[in-house]
Amino acid sequence: MNMIKMKNRKGSHVGMVLSFVIFVTFLIFLYTIVEPTIRMQRDKESLLDYLKIELMERFSTDLTSASITINKTLPQPCIELLNLVTELNITPVVIVKGELGKIFPSKIEGNDFKIDRGTEEIEEFFFKIYYSGEFEEVIGWTFDGECKSYDKDLEQYTIGLVRTDEYIFETKINDLIEEYETNYDNLKSDLNLPLGNEFGFSLIHSDETKIGTEEREISADIYAREIPVQYVDEEANINSGFINILVW
């Protein structure tokens with residue numbers, strides 16, 4: 001009887017050891033299959049993190065805004081704010097908007113800044129001036145009459161809040177899209193992308209339309225990162241949207 005029990009114990013121990021060896025072998029086999037995928041995913045996630053920093057830097061620049069209040073309104077279509085260019089260090093191309101967001105033609109002459117408020121908004125007395133190196137002229141100057149001068153030192157106009165913030169600019173995204181389409185290899189080199197990696201990007205507007213790099217037929221796995229942003233369009237409107245970055 002004792003001999004039979006000892007044989008059963010030896011048999012059960014051998015079975016346990018064999019089962020353990022099979023289990024460990026299975027885990028090793030499973031790891032060898034899954035590990036390359038895990039490593040690939042980790043590498044692509046790191047690349048997305050890197051591209052997020054690089055592209056956001058390329059898309060961004062400063063936007064300065066300043067509010068101006070005319071303290072004495074006269075029925076004159078054109079107003080000239082004396083020495084405003086020096087006061088605000090205004091760049092050559094600016095966008096001027098009224099209280100309701102309408103864009104007014106503007107013009108720099110020396111240190112003075114002219115605004116054509118037209119005949120319909122002849123009583124407009126509050127303006128917001130936006131300037132950045134990214135802006136192009138939105139409305140050309142056509143007024144050829146006399147402008148009424150306003151002097152800050154005589155308290156005829158007041159400079160309100162002036163602030164400078166960094167924003168994503170749609171124009172910069174368009175510029176990089178053009179570079180991507182015309183000189184992709186050089187762009188990858190400038191971004192120091194590791195060999196064997198490709199990328200694309202797009203801006204998704206608040207109305208869900210988008211601009212971006214050309215869509216390609218891709219057989220590899222695609223990894224994506226969507227980043228909420230505020231971006232400035234060509235008329236100095238600040239909008240909400242998403243930057244979508246793809247790598248494969």
# chains A, B, ... in the order shown; residues from 1 in each chain; ligands from 1
>>> residues_around(residues="Gly110 of chain A", least_positions_apart="3", cutoff="9 Å", atoms="only C-alpha atoms", output="compact mmCIF listing (two decimals) with N, CA and C atoms, in the first residue's frame")
# COMPACT_ATOMS: atom_id res chain seq x y z
N ASN A 83 0.87 108.92 -33.92
CA ASN A 83 1.93 108.22 -33.17
C ASN A 83 1.53 106.83 -32.66
N VAL A 85 1.64 104.00 -34.27
CA VAL A 85 2.59 102.99 -34.74
C VAL A 85 3.75 102.86 -33.77
N PHE A 113 -1.45 106.10 -37.84
CA PHE A 113 -2.23 104.95 -38.27
C PHE A 113 -3.61 105.42 -38.70
>>> select_by_dssp(residues="segment 99-162 of chain A", states="strand (DSSP E)", output="CSV table (one decimal) with N, CA and C atoms, in the first residue's frame")
chain,number,residue,atom,x,y,z
A,103,ILE,N,-14.3,94.1,-40.5
A,103,ILE,CA,-12.9,94.5,-40.8
A,103,ILE,C,-12.9,95.9,-41.6
A,104,PHE,N,-12.1,96.8,-41.1
A,104,PHE,CA,-11.9,98.1,-41.7
A,104,PHE,C,-10.6,98.2,-42.4
A,106,SER,N,-7.1,99.8,-43.3
A,106,SER,CA,-6.2,100.6,-42.5
A,106,SER,C,-4.9,100.9,-43.3
A,107,LYS,N,-4.2,101.8,-42.8
A,107,LYS,CA,-3.0,102.2,-43.5
A,107,LYS,C,-2.0,102.9,-42.6
A,108,ILE,N,-0.7,102.6,-42.7
A,108,ILE,CA,0.4,103.2,-41.9
A,108,ILE,C,1.0,104.3,-42.7
A,109,GLU,N,1.2,105.4,-42.1
A,109,GLU,CA,1.9,106.5,-42.7
A,109,GLU,C,2.9,107.1,-41.7
A,112,ASP,N,1.9,107.4,-37.9
A,112,ASP,CA,0.5,107.5,-37.7
A,112,ASP,C,-0.2,106.4,-38.4
A,113,PHE,N,-1.4,106.1,-37.8
A,113,PHE,CA,-2.2,104.9,-38.3
A,113,PHE,C,-3.6,105.4,-38.7
A,114,LYS,N,-4.0,105.1,-39.9
A,114,LYS,CA,-5.3,105.6,-40.5
A,114,LYS,C,-6.2,104.4,-40.6
A,115,ILE,N,-7.5,104.7,-40.3
A,115,ILE,CA,-8.6,103.7,-40.4
A,115,ILE,C,-9.7,104.4,-41.2
A,116,ASP,N,-10.2,103.6,-42.2
A,116,ASP,CA,-11.3,104.1,-43.0
A,116,ASP,C,-12.6,103.4,-42.4
A,126,PHE,N,-14.9,102.2,-31.3
A,126,PHE,CA,-14.1,101.2,-30.7
A,126,PHE,C,-13.5,100.3,-31.8
A,127,PHE,N,-12.2,100.1,-31.7
A,127,PHE,CA,-11.5,99.2,-32.7
A,127,PHE,C,-10.6,98.3,-31.9
A,128,LYS,N,-10.4,97.1,-32.6
A,128,LYS,CA,-9.4,96.2,-32.1
A,128,LYS,C,-8.4,96.0,-33.2
A,129,ILE,N,-7.2,96.1,-32.9
A,129,ILE,CA,-6.1,96.0,-33.9
A,129,ILE,C,-5.3,94.7,-33.7
A,130,TYR,N,-5.2,93.9,-34.7
A,130,TYR,CA,-4.4,92.6,-34.6
A,130,TYR,C,-3.2,92.7,-35.5
A,131,TYR,N,-2.1,92.3,-35.0
A,131,TYR,CA,-0.9,92.3,-35.9
A,131,TYR,C,0.0,91.2,-35.6
A,148,LYS,N,-9.4,112.8,-40.3
A,148,LYS,CA,-9.4,113.5,-39.1
A,148,LYS,C,-8.4,113.0,-38.1
A,149,SER,N,-7.5,113.9,-37.6
A,149,SER,CA,-6.4,113.4,-36.7
A,149,SER,C,-6.9,113.4,-35.3
A,150,TYR,N,-6.4,112.4,-34.5
A,150,TYR,CA,-6.7,112.2,-33.1
A,150,TYR,C,-5.3,112.0,-32.4
A,151,ASP,N,-5.2,112.8,-31.3
A,151,ASP,CA,-3.9,112.8,-30.6
A,151,ASP,C,-4.1,112.1,-29.2
A,157,TYR,N,-7.8,109.9,-28.1
A,157,TYR,CA,-8.1,108.4,-28.2
A,157,TYR,C,-7.3,107.7,-27.1
A,158,THR,N,-7.8,106.5,-26.7
A,158,THR,CA,-7.2,105.8,-25.6
A,158,THR,C,-6.8,104.4,-26.0
A,159,ILE,N,-5.6,104.0,-25.6
A,159,ILE,CA,-5.1,102.6,-25.9
A,159,ILE,C,-5.5,101.8,-24.7
A,160,GLY,N,-6.3,100.8,-24.9
A,160,GLY,CA,-6.8,99.9,-23.9
A,160,GLY,C,-5.8,98.7,-23.7
A,161,LEU,N,-6.4,97.5,-23.5
A,161,LEU,CA,-5.6,96.3,-23.3
A,161,LEU,C,-4.8,96.0,-24.5
A,162,VAL,N,-3.5,95.7,-24.2
A,162,VAL,CA,-2.6,95.2,-25.3
A,162,VAL,C,-2.0,93.9,-24.8
>>> closest_atom_pairs(of="segment 145-233 of chain A", to="segment 47-53 of chain A", cutoff="9 Å", atoms="only C-alpha atoms", output="Markdown table")
| residue | atom | partner | partner_atom | distance |
| --- | --- | --- | --- | --- |
| A:Leu191 | CA | A:Leu51 | CA | 8.1 |
| A:Leu193 | CA | A:Leu47 | CA | 8.2 |
| A:Pro194 | CA | A:Leu47 | CA | 8.8 |
| A:Asn197 | CA | A:Leu47 | CA | 8.9 |
| A:Phe199 | CA | A:Leu51 | CA | 8.9 |
| A:Tyr223 | CA | A:Leu48 | CA | 8.0 |
| A:Ala224 | CA | A:Leu48 | CA | 7.5 |
| A:Arg225 | CA | A:Leu48 | CA | 6.7 |
| A:Ile227 | CA | A:Lys52 | CA | 8.4 |
>>> write_last_selection(atoms="N, CA and C atoms", output="mmCIF file, in the first residue's frame")
data_model
loop_
_atom_site.group_PDB
_atom_site.id
_atom_site.type_symbol
_atom_site.label_atom_id
_atom_site.label_comp_id
_atom_site.auth_asym_id
_atom_site.auth_seq_id
_atom_site.Cartn_x
_atom_site.Cartn_y
_atom_site.Cartn_z
ATOM 1 N N LEU A 191 13.158 67.437 -39.836
ATOM 2 C CA LEU A 191 12.496 66.992 -38.601
ATOM 3 C C LEU A 191 13.253 65.866 -37.908
ATOM 4 N N LEU A 193 13.432 62.709 -38.661
ATOM 5 C CA LEU A 193 12.626 61.503 -38.511
ATOM 6 C C LEU A 193 13.507 60.262 -38.681
ATOM 7 N N PRO A 194 13.367 59.267 -37.816
ATOM 8 C CA PRO A 194 14.138 58.031 -37.964
ATOM 9 C C PRO A 194 13.822 57.349 -39.301
ATOM 10 N N ASN A 197 10.288 55.646 -41.111
ATOM 11 C CA ASN A 197 9.067 56.233 -40.557
ATOM 12 C C ASN A 197 8.522 57.292 -41.506
ATOM 13 N N PHE A 199 5.052 60.226 -42.073
ATOM 14 C CA PHE A 199 4.074 60.973 -41.273
ATOM 15 C C PHE A 199 3.192 61.833 -42.166
ATOM 16 N N TYR A 223 -0.659 55.089 -36.742
ATOM 17 C CA TYR A 223 -0.832 55.566 -35.367
ATOM 18 C C TYR A 223 -1.151 57.067 -35.429
ATOM 19 N N ALA A 224 -2.135 57.498 -34.659
ATOM 20 C CA ALA A 224 -2.623 58.878 -34.774
ATOM 21 C C ALA A 224 -2.666 59.556 -33.416
ATOM 22 N N ARG A 225 -2.548 60.872 -33.459
ATOM 23 C CA ARG A 225 -2.670 61.704 -32.257
ATOM 24 C C ARG A 225 -3.502 62.934 -32.636
ATOM 25 N N ILE A 227 -4.949 66.586 -31.377
ATOM 26 C CA ILE A 227 -4.603 67.596 -30.368
ATOM 27 C C ILE A 227 -5.559 68.776 -30.490
#
>>> closest_residue(among="A:Lys44, A:Glu214, A:Ala220, A:Tyr167", to="Thr182 of chain A", atoms="only C-alpha atoms")
A:Glu214
>>> residues_around(residues="Thr213 of chain A", least_positions_apart="2", cutoff="6 Å", atoms="only C-alpha atoms", output="list in words")
Ile177, Gly200 and Phe201 of chain A
>>> residues_around(residues="Ile211 of chain A", least_positions_apart="3", cutoff="9 Å", atoms="only C-alpha atoms", output="mmCIF file with N, CA and C atoms, in the first residue's frame")
data_model
loop_
_atom_site.group_PDB
_atom_site.id
_atom_site.type_symbol
_atom_site.label_atom_id
_atom_site.label_comp_id
_atom_site.auth_asym_id
_atom_site.auth_seq_id
_atom_site.Cartn_x
_atom_site.Cartn_y
_atom_site.Cartn_z
ATOM 1 N N ILE A 173 0.305 76.438 -41.172
ATOM 2 C CA ILE A 173 -0.047 75.058 -41.510
ATOM 3 C C ILE A 173 -0.077 74.889 -43.022
ATOM 4 N N ASN A 174 -0.674 75.857 -43.713
ATOM 5 C CA ASN A 174 -0.702 75.808 -45.179
ATOM 6 C C ASN A 174 0.707 75.801 -45.770
ATOM 7 N N ILE A 177 2.159 72.375 -45.314
ATOM 8 C CA ILE A 177 1.517 71.437 -46.242
ATOM 9 C C ILE A 177 2.170 71.549 -47.621
ATOM 10 N N PHE A 201 -0.211 65.099 -41.564
ATOM 11 C CA PHE A 201 -0.895 65.923 -40.563
ATOM 12 C C PHE A 201 -2.042 66.684 -41.225
ATOM 13 N N SER A 202 -2.962 67.161 -40.420
ATOM 14 C CA SER A 202 -4.079 67.946 -40.928
ATOM 15 C C SER A 202 -4.611 68.847 -39.821
ATOM 16 N N LEU A 203 -5.311 69.895 -40.234
ATOM 17 C CA LEU A 203 -6.042 70.768 -39.321
ATOM 18 C C LEU A 203 -7.524 70.528 -39.550
ATOM 19 N N ILE A 204 -8.229 70.151 -38.500
ATOM 20 C CA ILE A 204 -9.682 69.951 -38.574
ATOM 21 C C ILE A 204 -10.348 71.200 -38.012
ATOM 22 N N HIS A 205 -11.106 71.898 -38.866
ATOM 23 C CA HIS A 205 -11.769 73.120 -38.435
ATOM 24 C C HIS A 205 -12.953 72.808 -37.520
#
>>> atom_distance(atom1="atom CA of Cys147 of chain A", atom2="atom CA of Glu80 of chain A")
5.8 Å
>>> atom_distance(atom1="atom CA of Leu74 of chain A", atom2="atom CA of Glu123 of chain A")
7.3 Å
>>> atom_distance(atom1="atom CA of Leu63 of chain A", atom2="atom CA of Glu134 of chain A")
8.9 Å
>>> select_by_dssp(residues="segment 1-218 of chain A", states="alpha helix (DSSP H)", output="PyMOL selection string")
chain A and resi 2-59+84-88+170-182+184-190
>>> write_last_selection(atoms="C-alpha atoms", output="CSV table (one decimal), in the first residue's frame")
chain,number,residue,atom,x,y,z
A,2,ASN,CA,2.8,2.5,0.9
A,3,MET,CA,4.6,1.7,-2.3
A,4,ILE,CA,1.6,2.5,-4.4
A,5,LYS,CA,1.2,5.9,-2.6
A,6,MET,CA,4.8,6.8,-3.2
A,7,LYS,CA,4.4,6.0,-6.9
A,8,ASN,CA,1.3,8.2,-7.1
A,9,ARG,CA,3.1,11.1,-5.4
A,10,LYS,CA,6.1,10.8,-7.8
A,11,GLY,CA,3.7,10.7,-10.8
A,12,SER,CA,1.8,13.8,-9.6
A,13,HIS,CA,5.1,15.7,-9.1
A,14,VAL,CA,6.3,14.8,-12.6
A,15,GLY,CA,3.0,16.0,-14.0
A,16,MET,CA,3.1,19.3,-12.1
A,17,VAL,CA,6.7,20.0,-13.3
A,18,LEU,CA,5.7,19.1,-16.9
A,19,SER,CA,2.7,21.3,-16.8
A,20,PHE,CA,4.8,24.2,-15.4
A,21,VAL,CA,7.4,23.7,-18.2
A,22,ILE,CA,4.7,23.7,-20.8
A,23,PHE,CA,3.1,26.9,-19.3
A,24,VAL,CA,6.5,28.8,-19.2
A,25,THR,CA,7.3,27.7,-22.8
A,26,PHE,CA,3.9,29.0,-23.9
A,27,LEU,CA,4.5,32.3,-22.2
A,28,ILE,CA,7.9,32.6,-23.9
A,29,PHE,CA,6.4,31.8,-27.2
A,30,LEU,CA,3.6,34.3,-26.7
A,31,TYR,CA,6.0,37.0,-25.7
A,32,THR,CA,8.2,36.4,-28.8
A,33,ILE,CA,5.1,37.0,-30.9
A,34,VAL,CA,3.6,40.0,-29.0
A,35,GLU,CA,6.9,41.8,-28.1
A,36,PRO,CA,7.7,43.2,-31.6
A,37,THR,CA,4.2,44.7,-31.7
A,38,ILE,CA,4.5,46.2,-28.3
A,39,ARG,CA,7.9,47.6,-29.2
A,40,MET,CA,6.5,49.0,-32.5
A,41,GLN,CA,3.6,50.7,-30.7
A,42,ARG,CA,5.9,52.2,-28.1
A,43,ASP,CA,8.2,53.6,-30.8
A,44,LYS,CA,5.4,55.1,-32.7
A,45,GLU,CA,3.9,56.7,-29.6
A,46,SER,CA,7.3,58.2,-28.9
A,47,LEU,CA,7.5,59.5,-32.4
A,48,LEU,CA,4.0,61.1,-32.1
A,49,ASP,CA,5.1,62.8,-28.9
A,50,TYR,CA,8.1,64.2,-30.7
A,51,LEU,CA,6.2,65.3,-33.8
A,52,LYS,CA,3.6,67.0,-31.6
A,53,ILE,CA,6.3,69.3,-30.1
A,54,GLU,CA,8.1,69.9,-33.5
A,55,LEU,CA,5.0,70.6,-35.5
A,56,MET,CA,3.3,72.8,-32.9
A,57,GLU,CA,6.5,74.9,-32.8
A,58,ARG,CA,6.5,75.3,-36.6
A,59,PHE,CA,2.8,76.2,-36.6
A,84,LEU,CA,0.0,105.0,-32.7
A,85,VAL,CA,2.6,103.0,-34.7
A,86,THR,CA,5.3,104.0,-32.3
A,87,GLU,CA,3.1,103.5,-29.3
A,88,LEU,CA,2.3,99.9,-30.2
A,170,GLU,CA,-3.6,78.5,-40.3
A,171,THR,CA,-1.2,80.2,-42.7
A,172,LYS,CA,1.8,78.4,-41.2
A,173,ILE,CA,0.0,75.1,-41.5
A,174,ASN,CA,-0.7,75.8,-45.2
A,175,ASP,CA,3.0,76.7,-45.7
A,176,LEU,CA,4.1,73.3,-44.2
A,177,ILE,CA,1.5,71.4,-46.2
A,178,GLU,CA,3.1,73.0,-49.4
A,179,GLU,CA,6.6,72.1,-48.2
A,180,TYR,CA,5.3,68.5,-47.5
A,181,GLU,CA,3.9,68.2,-51.0
A,182,THR,CA,6.9,69.7,-52.8
A,184,TYR,CA,8.9,65.8,-48.4
A,185,ASP,CA,12.3,64.2,-48.1
A,186,ASN,CA,13.9,67.4,-47.1
A,187,LEU,CA,11.2,68.1,-44.5
A,188,LYS,CA,11.7,64.6,-43.0
A,189,SER,CA,15.4,65.4,-42.8
A,190,ASP,CA,14.7,68.7,-41.1
>>> residues_around(residues="Ile238 of chain A", least_positions_apart="4", cutoff="10 Å", atoms="only C-alpha atoms", output="PyMOL selection string")
chain A and resi 167-169+230-234
>>> write_last_selection(atoms="N, CA and C atoms", output="PDB file, in the first residue's frame")
ATOM      1  N   TYR A 167      -0.211  81.603 -30.788  1.00  0.00           N
ATOM      2  CA  TYR A 167      -1.298  80.819 -31.361  1.00  0.00           C
ATOM      3  C   TYR A 167      -0.784  79.986 -32.532  1.00  0.00           C
ATOM      4  N   ILE A 168      -1.549  78.938 -32.832  1.00  0.00           N
ATOM      5  CA  ILE A 168      -1.391  78.225 -34.093  1.00  0.00           C
ATOM      6  C   ILE A 168      -1.954  79.121 -35.193  1.00  0.00           C
ATOM      7  N   PHE A 169      -1.228  79.240 -36.306  1.00  0.00           N
ATOM      8  CA  PHE A 169      -1.710  80.038 -37.437  1.00  0.00           C
ATOM      9  C   PHE A 169      -2.010  79.128 -38.616  1.00  0.00           C
ATOM     10  N   GLN A 230      -6.360  76.113 -30.448  1.00  0.00           N
ATOM     11  CA  GLN A 230      -6.972  77.346 -30.921  1.00  0.00           C
ATOM     12  C   GLN A 230      -6.068  77.883 -32.025  1.00  0.00           C
ATOM     13  N   TYR A 231      -6.659  78.217 -33.159  1.00  0.00           N
ATOM     14  CA  TYR A 231      -5.852  78.670 -34.282  1.00  0.00           C
ATOM     15  C   TYR A 231      -6.421  79.979 -34.832  1.00  0.00           C
ATOM     16  N   VAL A 232      -5.547  80.741 -35.478  1.00  0.00           N
ATOM     17  CA  VAL A 232      -5.908  82.038 -36.044  1.00  0.00           C
ATOM     18  C   VAL A 232      -6.013  81.899 -37.554  1.00  0.00           C
ATOM     19  N   ASP A 233      -7.137  82.346 -38.113  1.00  0.00           N
ATOM     20  CA  ASP A 233      -7.276  82.287 -39.575  1.00  0.00           C
ATOM     21  C   ASP A 233      -6.775  83.579 -40.212  1.00  0.00           C
ATOM     22  N   GLU A 234      -6.928  83.709 -41.513  1.00  0.00           N
ATOM     23  CA  GLU A 234      -6.352  84.840 -42.250  1.00  0.00           C
ATOM     24  C   GLU A 234      -7.043  86.169 -41.948  1.00  0.00           C
TER      25      GLU A 234
END
